[in-house]
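Take a look at the structure below.
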Amino acid sequence: MKTTGWTLLQTEDTSAPGCDLVRQWLREHNWAVNPAFMEKWQQPENAARPLILLAHSGDAVVGGLLAETQLSWLRISIMSVHPDWRSQGIGAALLAEAERLALERGCKYVYVDTMDYQAPRFYLSHGFQIVGQIPDWDSHGHSKMYLSKSLLRPTK
């Protein structure tokens with residue numbers, strides 16, 4: 001694409017010349033508009049920490065949750081239970097333990113994304129709310145859903 005005074009070039013590699021400048025410009029902008037967050041985000045004690053839970057039956061893994069905590073958030077990347085072990089409380093136990101550990105780490109919130117054919121009902125039944133949705137995310141008519149919830153108990 002050619003325009004007056006500038007052109008667009010495509011690259012296949014995020015280490016291509018210029019990519020570091022783009023990253024730098026974003027960091028500079030973020031520091032200018034949200035220095036308190038950027039300062040906190042850069043502290044080593046606030047680095048993302050893995051939170052991994054595996055459910056076993058004997059020596060066999062029957063379920064697991066892969067997540068990380070950072071600042072006030074628990075982010076669940078993957079949670080799955082072997083098909084033969086589903087509907088036996090393993091997913092609920094994995095989620096409850098992840099939330100408990102996240103609270104111990106100082107988290108206040110949790111978020112996850114899931115496809116409409118995966119586990120939205122599971123998360124909704126555990127107090128999550130849909131906070132965003134992308135229709136036809138997989139180009140086959142299925143939506144990606146973003147869900148979150150507060151880990152803090154309401155005070156009475």
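Lettering and numbering for the structure tokens are positional, with chains as A, B, ... in the shown order, residues counted from 1 in each chain, and ligands counted from 1 in the shown order.
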
Open item on the list: Could you go through chain A and tell me which residues DSSP, when run on the backbone, assigns to alpha helix (DSSP H), listing them as a ChimeraX atom specification?
Closed with: /A:19-33,35-42,90-104,120-125

Filtering to N, CA and C atoms, could you give me those residues as a short mmCIF file (atom, residue, chain, number, x, y, z; two decimals), in the first residue's frame?
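Below you can see result25.cif, which holds the result:
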```cif
data_model
loop_
_atom_site.label_atom_id
_atom_site.label_comp_id
_atom_site.auth_asym_id
_atom_site.auth_seq_id
_atom_site.Cartn_x
_atom_site.Cartn_y
_atom_site.Cartn_z
N CYS A 19 10.31 -3.42 14.73
CA CYS A 19 9.40 -3.99 15.73
C CYS A 19 9.74 -3.51 17.13
N ASP A 20 11.03 -3.42 17.44
CA ASP A 20 11.42 -2.93 18.76
C ASP A 20 10.99 -1.48 18.96
N LEU A 21 11.02 -0.69 17.90
CA LEU A 21 10.55 0.70 18.00
C LEU A 21 9.06 0.75 18.33
N VAL A 22 8.28 -0.10 17.69
CA VAL A 22 6.84 -0.14 17.95
C VAL A 22 6.59 -0.48 19.42
N ARG A 23 7.32 -1.49 19.94
CA ARG A 23 7.19 -1.84 21.35
C ARG A 23 7.59 -0.67 22.25
N GLN A 24 8.67 -0.02 21.91
CA GLN A 24 9.16 1.12 22.70
C GLN A 24 8.13 2.24 22.73
N TRP A 25 7.53 2.56 21.59
CA TRP A 25 6.53 3.63 21.56
C TRP A 25 5.34 3.31 22.46
N LEU A 26 4.91 2.06 22.47
CA LEU A 26 3.81 1.69 23.35
C LEU A 26 4.22 1.81 24.81
N ARG A 27 5.41 1.32 25.16
CA ARG A 27 5.88 1.44 26.55
C ARG A 27 5.96 2.92 26.96
N GLU A 28 6.50 3.75 26.09
CA GLU A 28 6.60 5.18 26.41
C GLU A 28 5.22 5.79 26.62
N HIS A 29 4.27 5.44 25.78
CA HIS A 29 2.91 5.96 25.95
C HIS A 29 2.32 5.48 27.28
N ASN A 30 2.47 4.17 27.57
CA ASN A 30 1.93 3.64 28.81
C ASN A 30 2.55 4.30 30.03
N TRP A 31 3.86 4.53 29.98
CA TRP A 31 4.52 5.23 31.09
C TRP A 31 3.98 6.65 31.24
N ALA A 32 3.68 7.31 30.13
CA ALA A 32 3.20 8.69 30.19
C ALA A 32 1.79 8.77 30.77
N VAL A 33 0.92 7.82 30.42
CA VAL A 33 -0.48 7.93 30.84
C VAL A 33 -0.82 7.11 32.07
N PRO A 35 1.74 5.84 34.80
CA PRO A 35 3.03 5.51 35.42
C PRO A 35 2.90 4.65 36.67
N ALA A 36 1.82 4.81 37.44
CA ALA A 36 1.66 4.00 38.66
C ALA A 36 1.58 2.52 38.30
N PHE A 37 0.77 2.19 37.29
CA PHE A 37 0.67 0.80 36.86
C PHE A 37 2.01 0.30 36.31
N MET A 38 2.62 1.07 35.45
CA MET A 38 3.87 0.63 34.83
C MET A 38 4.95 0.38 35.87
N GLU A 39 5.02 1.25 36.88
CA GLU A 39 6.00 1.06 37.95
C GLU A 39 5.73 -0.26 38.69
N LYS A 40 4.48 -0.48 39.03
CA LYS A 40 4.10 -1.69 39.74
C LYS A 40 4.33 -2.93 38.86
N TRP A 41 3.96 -2.85 37.61
CA TRP A 41 4.06 -3.96 36.67
C TRP A 41 5.52 -4.40 36.48
N GLN A 42 6.45 -3.46 36.58
CA GLN A 42 7.86 -3.79 36.34
C GLN A 42 8.58 -4.34 37.57
N ILE A 90 -14.33 -32.75 39.53
CA ILE A 90 -12.91 -32.43 39.38
C ILE A 90 -12.72 -31.00 38.89
N GLY A 91 -13.49 -30.59 37.89
CA GLY A 91 -13.38 -29.21 37.38
C GLY A 91 -13.69 -28.20 38.46
N ALA A 92 -14.74 -28.44 39.21
CA ALA A 92 -15.11 -27.54 40.30
C ALA A 92 -14.01 -27.47 41.35
N ALA A 93 -13.41 -28.63 41.67
CA ALA A 93 -12.32 -28.64 42.66
C ALA A 93 -11.08 -27.92 42.14
N LEU A 94 -10.75 -28.13 40.87
CA LEU A 94 -9.61 -27.42 40.28
C LEU A 94 -9.83 -25.91 40.35
N LEU A 95 -11.02 -25.48 39.95
CA LEU A 95 -11.34 -24.05 39.96
C LEU A 95 -11.30 -23.49 41.37
N ALA A 96 -11.90 -24.17 42.31
CA ALA A 96 -11.94 -23.69 43.70
C ALA A 96 -10.53 -23.57 44.27
N GLU A 97 -9.69 -24.55 44.01
CA GLU A 97 -8.32 -24.50 44.53
C GLU A 97 -7.52 -23.39 43.86
N ALA A 98 -7.69 -23.21 42.56
CA ALA A 98 -7.00 -22.12 41.87
C ALA A 98 -7.42 -20.77 42.44
N GLU A 99 -8.70 -20.60 42.69
CA GLU A 99 -9.19 -19.35 43.27
C GLU A 99 -8.65 -19.15 44.68
N ARG A 100 -8.59 -20.21 45.46
CA ARG A 100 -8.05 -20.11 46.83
C ARG A 100 -6.58 -19.68 46.79
N LEU A 101 -5.80 -20.32 45.94
CA LEU A 101 -4.38 -19.98 45.83
C LEU A 101 -4.20 -18.56 45.29
N ALA A 102 -5.04 -18.17 44.35
CA ALA A 102 -4.96 -16.81 43.80
C ALA A 102 -5.24 -15.77 44.89
N LEU A 103 -6.22 -16.04 45.73
CA LEU A 103 -6.50 -15.13 46.85
C LEU A 103 -5.29 -15.04 47.77
N GLU A 104 -4.64 -16.17 48.05
CA GLU A 104 -3.44 -16.16 48.88
C GLU A 104 -2.34 -15.31 48.25
N PRO A 120 -18.84 -22.53 28.75
CA PRO A 120 -19.43 -21.33 29.34
C PRO A 120 -20.42 -21.63 30.45
N ARG A 121 -21.22 -22.69 30.32
CA ARG A 121 -22.20 -23.01 31.37
C ARG A 121 -21.49 -23.37 32.68
N PHE A 122 -20.36 -24.07 32.58
CA PHE A 122 -19.60 -24.41 33.77
C PHE A 122 -19.17 -23.14 34.50
N TYR A 123 -18.56 -22.21 33.78
CA TYR A 123 -18.08 -20.99 34.42
C TYR A 123 -19.22 -20.14 34.94
N LEU A 124 -20.30 -20.02 34.17
CA LEU A 124 -21.46 -19.26 34.64
C LEU A 124 -22.02 -19.86 35.93
N SER A 125 -22.02 -21.18 36.03
CA SER A 125 -22.54 -21.83 37.24
C SER A 125 -21.61 -21.66 38.44
#
```

Open item on the list: If you run DSSP on the backbone here, which positions in chain A get strand (DSSP E)? Please write them as a ChimeraX atom specification.
Closed with: /A:49-57,60-70,73-81,109-115,129-134,144-150

Task: atom CA of Asp113 of chain A to atom CA of Ser77 of chain A, distance in Å rounded to a single decimal - done: 7.7 Å

Set the distance at 6 Å and use only C-alpha atoms: which residues neighbour segment 51-54 of chain A once local chain neighbours fewer than 4 positions away are removed? I'd like the list as a compact mmCIF listing (two decimals) with N, CA and C atoms, in the first residue's frame.
```txt
# COMPACT_ATOMS: atom_id res chain seq x y z
N GLY A 63 -7.18 -34.65 35.17
CA GLY A 63 -7.64 -33.29 34.92
C GLY A 63 -6.54 -32.31 35.25
N GLY A 64 -6.72 -31.10 34.78
CA GLY A 64 -5.71 -30.09 35.08
C GLY A 64 -6.17 -28.68 34.77
N LEU A 65 -5.48 -27.74 35.40
CA LEU A 65 -5.74 -26.33 35.21
C LEU A 65 -4.38 -25.64 35.06
N LEU A 66 -4.21 -24.91 33.96
CA LEU A 66 -2.99 -24.16 33.69
C LEU A 66 -3.34 -22.68 33.73
N ALA A 67 -2.71 -21.95 34.61
CA ALA A 67 -3.07 -20.55 34.81
C ALA A 67 -1.83 -19.76 35.24
N GLU A 68 -2.05 -18.48 35.45
CA GLU A 68 -1.00 -17.64 36.04
C GLU A 68 -1.66 -16.52 36.81
```

Task: Residue neighbourhood Gln70 of chain A, 7 Å, only C-alpha atoms, exclusion window fewer than 5 positions, as a list in words - done: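 Skipping anything fewer than 5 positions along the chain leaves Asn46, Ala47, Ala48 and Arg49 of chain A.
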